[in-house]
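K.L.:
Dropping a structure here in structure tokens format, bear with me for questions.
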Amino acid sequence: MSNTQSNMLALGTKAPDFSLPNPVKNNEIQSLESLKGKKGTLVVFMCNHCPFVLHIIDVLEELYEDYKSQGIEFIGINSNDVDRYPADSPEMMVEFVEEKALKFPYLYDESQDVAKAFDAACTPDFYFFDENLKLIYRGQMDDSRPGNQKEITGEDLVIAFENHLAGQDQEDFQRPSLGCNIKWKQI
């Protein structure tokens, strides 16, 4: 288990556009434009096997259930090299979604171009965009990590969501996410 921090893409960055297959929907191509939320969009780089993702996934789904009705959409993206990490294959993504009862879209970035466009570094890596797809929060979900005995609350994301929904400024200090590095393809 590696401890890789997110790269902290500059606030105000426009969300890189993408269209990716959704293995759960027979590889139907879904785009950021078609999936984005009316009030905001959380893009999460994640995978099936990462202990950091497994640690928070249930609470992440709860947050989705809480905020979808308020106009915030979540989009999961798996960019890992499935040749070296077959546990992250599209077939296993379908099983993961079923096992974890995920309701938000979970897309497959085989080329890794989308992860590179976002400057994503780890799983999980969170990017919250406003209704105009401008980045207003990036960083951790909360302070909980596998083995640190801290409760999984989603506090940092909740603060970002609530500030945005209330028309308030975001916190000045945003702490990077921490997780396993994205499994880049070897050239």
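Convention: chains lettered A, B, ... in structure tokens order; per-chain residue numbering from 1; ligands numbered from 1 as shown.
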Do a neighbour search on stretch 77-86 of chain A at 10 Å with only C-alpha atoms, toss out local chain neighbours closer than 6 positions, and write the hits as a PyMOL selection string.

P.N.:
chain A and resi 20-22+43-49+92-93+105-116+120+123-125+181-186

K.L.:
So which residues of stretch 38-138 of chain A fall under strand (DSSP E) by DSSP, listed as a list in words?

P.N.:
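Checking each residue of stretch 38-138 of chain A, the strand (DSSP E) ones are Gly40, Thr41, Leu42, Val43, Val44, Phe45, Ile72, Glu73, Phe74, Ile75, Gly76, Ile77, Asn78, Tyr106, Leu107, Tyr108, Cys122, Thr123, Asp125, Phe126, Tyr127, Phe128, Phe129, Asp130, Leu135, Ile136, Tyr137 and Arg138 of chain A.
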
K.L.:
Would you please work out which residue, of A:Ile136, A:Cys122, A:Ala101, A:Val94, is nearest to A:Lys25 when using only C-alpha atoms?

P.N.:
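Between A:Ile136, A:Cys122, A:Ala101, A:Val94, the residue approaching A:Lys25 most closely is A:Val94.
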
K.L.:
Choose the residue, out of A:Cys50, A:Ser6, A:Ile56, A:Gly76, that has the smallest atom-to-atom separation from A:Ser144; count only C-alpha atoms.

P.N.:
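Nearest candidate to A:Ser144 out of A:Cys50, A:Ser6, A:Ile56, A:Gly76: A:Ile56.
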
K.L.:
From a DSSP pass on the backbone, collect the residues of chain A flagged as alpha helix (DSSP H) and hand them back as JSON, numbers by chain.

P.N.:
{"A": [32, 33, 34, 35, 51, 52, 53, 54, 55, 56, 57, 58, 59, 60, 61, 62, 63, 64, 65, 66, 67, 90, 91, 92, 93, 94, 95, 96, 97, 98, 99, 100, 113, 114, 115, 116, 117, 118, 155, 156, 157, 158, 159, 160, 161, 162, 163, 164, 165]}

K.L.:
Which is closest to A:Pro51 among A:Arg145, A:Lys68, A:Lys38, A:Lys14, if we use only C-alpha atoms?

P.N.:
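Among the listed residues, A:Arg145 lies closest to A:Pro51.
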
K.L.:
Need to verify the contact set: A:Tyr64, 8 Å, only C-alpha atoms, exclusion of same-chain residues closer than 6 positions in sequence. Can you return it as JSON, numbers by chain?

P.N.:
{"A": [72, 73, 74, 103, 104]}

K.L.:
Using only C-alpha atoms, which of the listed residues (A:Pro90, A:Gly167, A:Gly71, A:Gly179) sits closest to A:Asp143?

P.N.:
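Going through A:Pro90, A:Gly167, A:Gly71, A:Gly179 one by one, the smallest distance to A:Asp143 is for A:Gly179.
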
K.L.:
Which residues are near A:Glu33? Cut-off 10 Å, only C-alpha atoms, ignore same chain within fewer than 3 positions. Put them as an mmCIF file with all heavy atoms, in the first residue's frame.

P.N.:
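To be explicit, this is the file written out as result.cif:
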```cif
data_model
loop_
_atom_site.group_PDB
_atom_site.id
_atom_site.type_symbol
_atom_site.label_atom_id
_atom_site.label_comp_id
_atom_site.auth_asym_id
_atom_site.auth_seq_id
_atom_site.Cartn_x
_atom_site.Cartn_y
_atom_site.Cartn_z
ATOM 1 N N ASP A 17 -12.808 17.698 -20.541
ATOM 2 C CA ASP A 17 -13.931 16.961 -21.103
ATOM 3 C C ASP A 17 -13.535 15.511 -21.326
ATOM 4 O O ASP A 17 -12.365 15.214 -21.577
ATOM 5 C CB ASP A 17 -14.362 17.603 -22.421
ATOM 6 C CG ASP A 17 -15.724 17.116 -22.873
ATOM 7 O OD1 ASP A 17 -16.548 16.749 -22.015
ATOM 8 O OD2 ASP A 17 -15.957 17.106 -24.092
ATOM 9 N N PHE A 18 -14.491 14.615 -21.225
ATOM 10 C CA PHE A 18 -14.219 13.207 -21.506
ATOM 11 C C PHE A 18 -15.479 12.485 -21.911
ATOM 12 O O PHE A 18 -16.585 12.907 -21.598
ATOM 13 C CB PHE A 18 -13.571 12.511 -20.295
ATOM 14 C CG PHE A 18 -14.392 12.550 -19.027
ATOM 15 C CD1 PHE A 18 -15.442 11.659 -18.821
ATOM 16 C CD2 PHE A 18 -14.102 13.461 -18.028
ATOM 17 C CE1 PHE A 18 -16.190 11.684 -17.654
ATOM 18 C CE2 PHE A 18 -14.849 13.501 -16.856
ATOM 19 C CZ PHE A 18 -15.894 12.617 -16.665
ATOM 20 N N SER A 19 -15.276 11.390 -22.623
ATOM 21 C CA SER A 19 -16.313 10.414 -22.963
ATOM 22 C C SER A 19 -15.678 9.053 -22.774
ATOM 23 O O SER A 19 -14.674 8.744 -23.429
ATOM 24 C CB SER A 19 -16.784 10.581 -24.406
ATOM 25 O OG SER A 19 -17.448 11.808 -24.568
ATOM 26 N N GLN A 30 -20.274 7.317 -22.019
ATOM 27 C CA GLN A 30 -20.910 8.385 -21.263
ATOM 28 C C GLN A 30 -19.934 9.547 -21.159
ATOM 29 O O GLN A 30 -18.736 9.350 -20.974
ATOM 30 C CB GLN A 30 -21.325 7.892 -19.874
ATOM 31 C CG GLN A 30 -22.384 6.792 -19.970
ATOM 32 C CD GLN A 30 -22.885 6.340 -18.619
ATOM 33 O OE1 GLN A 30 -22.110 6.066 -17.725
ATOM 34 N NE2 GLN A 30 -24.207 6.268 -18.482
ATOM 35 N N LYS A 36 -22.931 15.396 -15.871
ATOM 36 C CA LYS A 36 -22.689 16.447 -14.867
ATOM 37 C C LYS A 36 -23.961 16.797 -14.099
ATOM 38 O O LYS A 36 -25.076 16.665 -14.613
ATOM 39 C CB LYS A 36 -22.099 17.684 -15.524
ATOM 40 C CG LYS A 36 -23.072 18.449 -16.388
ATOM 41 C CD LYS A 36 -22.420 19.674 -17.007
ATOM 42 C CE LYS A 36 -23.459 20.450 -17.820
ATOM 43 N NZ LYS A 36 -22.893 21.642 -18.403
ATOM 44 N N GLY A 37 -23.765 17.249 -12.870
ATOM 45 C CA GLY A 37 -24.878 17.636 -12.016
ATOM 46 C C GLY A 37 -25.328 19.059 -12.276
ATOM 47 O O GLY A 37 -24.561 19.887 -12.771
ATOM 48 N N LEU A 133 -18.567 23.769 -14.310
ATOM 49 C CA LEU A 133 -17.433 22.835 -14.429
ATOM 50 C C LEU A 133 -16.089 23.507 -14.142
ATOM 51 O O LEU A 133 -15.065 23.147 -14.711
ATOM 52 C CB LEU A 133 -17.425 22.127 -15.785
ATOM 53 C CG LEU A 133 -18.613 21.189 -16.021
ATOM 54 C CD1 LEU A 133 -18.584 20.626 -17.440
ATOM 55 C CD2 LEU A 133 -18.626 20.058 -14.991
#
```

K.L.:
Please report the interatomic distance between atom CA of A:Asn27 and atom CA of A:Glu61 in Å with one decimal.

P.N.:
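Answer for the atom CA of A:Asn27 to atom CA of A:Glu61 separation: 21.6 Å.
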